[in-house]
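Single-structure report; data block below.
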Amino acid sequence: MKEKKPFIYLNNAATTWPKPRAVTEAVTASLAAPVFGAGRTAGTEGEDYPTLAREALARLFHAGPPEHYIFTQNATDSLNLLILGFLAAHPGPCHVLTTALEHNSVLRPLHELEHTGRISLTVVPFGEDGTVSQAAVQAALRPETRLMVMAHGSNVLGTVQDVGAIGEILHEHGVYFIVDGAQTAGHIPVDLGTLQVDAYAFTGHKGLFGITGTGGFYLRDPGAVAPVRVGGTGTDSFSLLQPQEMPEKFEAGTPNYPGLAALAAGVEFVLSVGVEAIAEKAERQTASMIRALKEEPNIVVYTAHPTLPIVSFSIRGMDDDDLGFILARAYGVVGRTGLHCAPLVHQAIDDGKGCVRLSLSWFTTDDECRTAAEAIREVARHADHSVDSA
Amino acid sequence: MRIIRSIRHKSCADGTLMKEFVLSAPLTEEFFMYLKGFGEVAAKPGIGEGFYTFEKPDCFSIKGFAGDTSVEVRFRHEVIDLTTDFVYSLFALYRDGDPDLVTLKRREAKVVARVHEHLYGR
């Protein structure tokens with residue numbers, strides 16, 4: 001009988017697991033009663049999950065009104081709606097800035113638009129510390145620059161960008177600023193009330209502890225973006241044009257009620273623990289894991305001082321996919337291998353080969369971090385022991 | 001030993017298509033030693049119960065642990081239709097340590113010729 005391996009889930013930058021009990025209970029409760037939504041039922045009783053989720057998000061991000069939080073399928077969906085919606089609202093030539101830290105959720109929409117000639121695009125590089133400097137952004141600006149889209153947190157390096165300072169520069173030049181918060185929402189304090197950010201995209205299933213298939217964006221000025229997905233809202237049904245009120249302007253079709261029940265519960269969980277406490281624990285555990293890995297000379301750590309709970313690394317002389325396979329099969333440590341949908345980051349740090357990424361959540365224990373680090377060090381010690389005798 | 005079913009697949013950044021197969025019996029060190037007759041095998045016996053990789057250049061690679069009843073195969077995308085059947089044969093004709101090498105070598109020669117023609121025109 002084979003010994004049962006532990007199961008250490010460290011792929012939380014992809015999707016957090018486990019979920020707080022309140023989240024799974026909220027999903028079950030949402031399915032145990034008929035859908036309740038104004039304009040969609042004559043029923044008078046039930047939970048208004050979209051409103052609960054909007055109000056919780058407004059408290060978490062310190063910015064309101066809650067109606068300015070729009071729900072989508074995920075962060076990629078949010079970014080597509082924001083980018084295409086901004087361009088629909090601003091016809092004419094458009095130069096766009098983005099960064100080499102981006103996920104394909106930003107790179108692909110922008111490169112598709114560049115490919116069709118709708119925009120011109122400049123990709124701003126990042127420095128050795130894994131951040132994009134204000135000077136680099138300043139240098140990339142042109143008179144015709146209208147839009148910048150950038151990641152708040154890198155999903156490979158774990159670094160967080162100073163979007164406040166960059167936003168100030170952009171706004172001095174009249175540039176609209178969309179921030180991809182897929183890796184920061186719920187992980188670190190984000191004050192959208194004071195940050196010079198025009199729109200902030202988030203996903204529900206990562207740091208906010210919701211389930212997959214949920215996401216959204218915060219939009220400061222609804223007039224700056226046009227809706228590109230329109231349809232039934234359950235309101236103003238005589239009008240054959242999309243209502244302009246928020247949130248109906250951007251939300252067409254029946255919402256994902258179980259998903260929003262989960263999101264509301266997840267955000268409430270984050271609020272109850274405190275995002276500062278979440279960030280503090282993550283920083284301590286991540287630093288400790290990186291220290292442990294750096295003790296082994298065969299291990300190359302790409303995240304020297306990440307703010308987010310992300311540890312990206314490789315082992316000299318070992319294919320990263322083999323490494324991920326070994327960690328999962330022999331040690332029960334589940335991370336993610338490859339390019340992490342961020343090809344330009346990997347071009348800069350590992351010649352595009354890819355690496356292994358481990359990512360923590362509030363539920364990750366110190367013991368799991370120690371066990372995972374020890375497993376990686378053990379594999380690294382075997383890295384040169386290839387015994388191919390062919 | 002046979003491939004029972006495929007349980008996972010993904011397109012990889014290096015242009016390969018990965019498929020994970022469930023096997024009718026656990027992998028063994030002997031099985032990978034047998035694969036040496038058809039390509040390059042590397043072993044890291046100190047990891048788990050032994051980690052093995054097999055590389056058939058231009059065609060596919062296999063990786064797995066001794067004792068596991070699943071295996072990962074990466075197919076070179078352009079020639080997957082030409083090579084999949086041979087992968088199944090490598091498992092099926094191993095016959096628990098008594099492989100049908102004559103049949104396998106004949107099939108290997110055919111597959112390699114077709115792959116080279118497809119990739120290099122010769």
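The chains in the structure tokens are called A, B, ... from first to last as shown; in each chain the residues are counted from 1, and the ligands are counted from 1 in the order shown.
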
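Omitting A:Asn80 and its sequence neighbours fewer than 4 positions away, and counting only C-alpha atoms, the residues within 7 Å are A:Thr76, A:Leu84, A:Pro109.
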
>> If DSSP is run on the backbone, what residues of chain B are strand (DSSP E)? A reply as a VMD selection string would be ideal.
In response: chain B and resid 3 to 11 16 to 23 40 to 44 51 to 56 60 to 65 70 to 76

With C-alpha atoms kept, could you save the residues just selected as a short mmCIF file (atom, residue, chain, number, x, y, z; two decimals), in the first residue's frame?
data_model
loop_
_atom_site.label_atom_id
_atom_site.label_comp_id
_atom_site.auth_asym_id
_atom_site.auth_seq_id
_atom_site.Cartn_x
_atom_site.Cartn_y
_atom_site.Cartn_z
CA ILE B 3 -3.68 2.79 -21.41
CA ILE B 4 -7.20 2.78 -20.00
CA ARG B 5 -8.23 6.37 -20.60
CA SER B 6 -7.05 9.94 -20.98
CA ILE B 7 -7.96 12.14 -18.02
CA ARG B 8 -6.36 15.51 -18.73
CA HIS B 9 -4.88 17.39 -21.62
CA LYS B 10 -3.42 20.83 -22.27
CA SER B 11 -1.56 22.72 -24.97
CA THR B 16 3.47 20.14 -27.42
CA LEU B 17 0.14 18.66 -26.45
CA MET B 18 0.16 17.02 -23.03
CA LYS B 19 -2.12 14.12 -22.24
CA GLU B 20 -2.33 12.30 -18.95
CA PHE B 21 -3.23 8.64 -19.23
CA VAL B 22 -4.49 6.20 -16.63
CA LEU B 23 -2.80 2.80 -16.88
CA GLU B 40 16.42 8.30 -24.39
CA VAL B 41 15.56 7.56 -20.78
CA ALA B 42 16.64 9.65 -17.78
CA ALA B 43 16.07 8.61 -14.19
CA LYS B 44 16.10 10.24 -10.81
CA PHE B 51 11.12 9.58 -11.44
CA TYR B 52 11.65 8.68 -15.09
CA THR B 53 11.48 10.52 -18.38
CA PHE B 54 11.55 9.09 -21.88
CA GLU B 55 12.23 11.16 -25.00
CA LYS B 56 11.49 10.07 -28.53
CA PHE B 60 6.77 12.52 -28.00
CA SER B 61 8.04 12.30 -24.43
CA ILE B 62 6.77 10.37 -21.41
CA LYS B 63 7.24 11.09 -17.73
CA GLY B 64 6.11 9.26 -14.66
CA PHE B 65 6.91 7.77 -11.27
CA SER B 70 -0.84 7.40 -14.46
CA VAL B 71 1.64 8.86 -16.89
CA GLU B 72 2.10 12.16 -18.73
CA VAL B 73 2.78 12.08 -22.45
CA ARG B 74 3.72 15.17 -24.45
CA PHE B 75 3.08 14.86 -28.16
CA ARG B 76 4.75 17.05 -30.71
#

>> Run DSSP on the backbone and tell me which residues of stretch 2-203 of chain A come out as alpha helix (DSSP H); list them as a PyMOL selection string.
In response: chain A and resi 21-31+49-60+75-89+104-115+134-140+163-172

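For B:Glu108, the set of protein, DNA and RNA residues having any atom at most 12 Å away, when counting only C-alpha atoms and skipping those fewer than 5 positions along the same chain, is Leu35, Gly37, Phe38, Gly39, Lys56, Cys59, Leu82, Thr83, Thr84, Asp85, Phe86, Val87, Tyr88, Ser89, Leu90, Leu101, Val102, Thr103, Ala113, Arg114 and Val115 of chain B.
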
Write the residues you've just listed into a file as a tab-separated table (two decimals), in the first residue's frame, and include C-alpha atoms for each of them.
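Result went into result-v4.tsv, see below:
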chain	number	residue	atom	x	y	z
B	35	LEU	CA	11.75	2.09	-23.32
B	37	GLY	CA	15.20	0.51	-26.82
B	38	PHE	CA	13.15	3.25	-28.46
B	39	GLY	CA	14.67	6.53	-27.23
B	56	LYS	CA	11.49	10.07	-28.53
B	59	CYS	CA	7.67	12.50	-31.69
B	82	LEU	CA	1.11	9.83	-36.64
B	83	THR	CA	2.49	8.96	-33.20
B	84	THR	CA	-0.46	8.35	-30.86
B	85	ASP	CA	-1.03	4.77	-31.90
B	86	PHE	CA	2.64	3.93	-31.32
B	87	VAL	CA	2.42	5.30	-27.77
B	88	TYR	CA	-0.50	2.98	-27.10
B	89	SER	CA	1.51	0.10	-28.61
B	90	LEU	CA	4.48	0.79	-26.32
B	101	LEU	CA	9.91	-6.28	-29.74
B	102	VAL	CA	9.60	-7.49	-33.32
B	103	THR	CA	6.22	-5.85	-33.82
B	113	ALA	CA	9.78	7.43	-41.39
B	114	ARG	CA	6.36	9.08	-41.64
B	115	VAL	CA	7.24	11.67	-38.99

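Note that atom CA of A:Tyr200 and atom CA of A:Tyr218 are 5.1 Å apart.
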
>> For A:Thr24, find every residue with an atom within 12 Å (counting only C-alpha atoms), except residues of its own chain fewer than 2 positions away, and show them as a PyMOL selection string.
In response: chain A and resi 17-22+26-31+209-211+258-266+269

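Look at A:Thr159: the protein and nucleic acid residues within 6 Å of it, using only C-alpha atoms and passing over chain neighbours fewer than 4 places away, are Gly153, Ser154, Pro306 and Thr307 of chain A.
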
> Quick one: residues within 12 Å of A:Pro143, only C-alpha atoms counted, chain neighbours fewer than 2 positions away excluded, as a list in words?
Replying inline: Pro93, Cys94, His95, Val96, Gln138, Ala139, Ala140, Leu141, Thr145, Arg146, Leu147, Leu170, Glu172, His173, Gly174 and Val175 of chain A

> Do you know which residues are at most 7 Å from stretch 337-347 of chain A counting only C-alpha atoms, after dropping those on the same chain fewer than 3 positions away, and could you put them as a ChimeraX atom specification?
Replying inline: /A:100-104,156,320-321,324,350-357

Okay, now the selection with C-alpha atoms, as a tab-separated table (two decimals), in the first residue's frame?
chain	number	residue	atom	x	y	z
A	100	ALA	CA	5.71	44.02	-19.82
A	101	LEU	CA	4.33	42.73	-16.52
A	102	GLU	CA	0.88	42.11	-17.93
A	103	HIS	CA	-1.17	38.95	-18.06
A	104	ASN	CA	-2.60	37.93	-21.43
A	156	VAL	CA	4.68	36.01	-11.65
A	320	ASP	CA	10.14	23.50	-14.83
A	321	ASP	CA	7.35	21.22	-15.99
A	324	GLY	CA	6.01	20.85	-11.03
A	350	ASP	CA	14.12	33.38	-17.82
A	351	ASP	CA	14.42	33.77	-21.61
A	352	GLY	CA	10.83	32.65	-22.01
A	353	LYS	CA	11.38	29.17	-20.54
A	354	GLY	CA	8.88	29.56	-17.71
A	355	CYS	CA	9.17	28.59	-14.07
A	356	VAL	CA	7.29	27.09	-11.15
A	357	ARG	CA	5.02	29.35	-9.14

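The interatomic distance for the pair atom CA of B:Phe32 and atom CA of B:Glu49 works out to 13.2 Å.
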
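You can rank A:Asn155, A:Thr51, A:Ser105, A:Ser133 by their closest distance to A:Tyr69 using only C-alpha atoms, and at the top of that list sits A:Thr51.
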
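Here the question is which of A:Asp221, A:Glu283, A:Glu55, A:Asp322 gets nearest to chain B using only C-alpha atoms, and that residue is A:Asp322.
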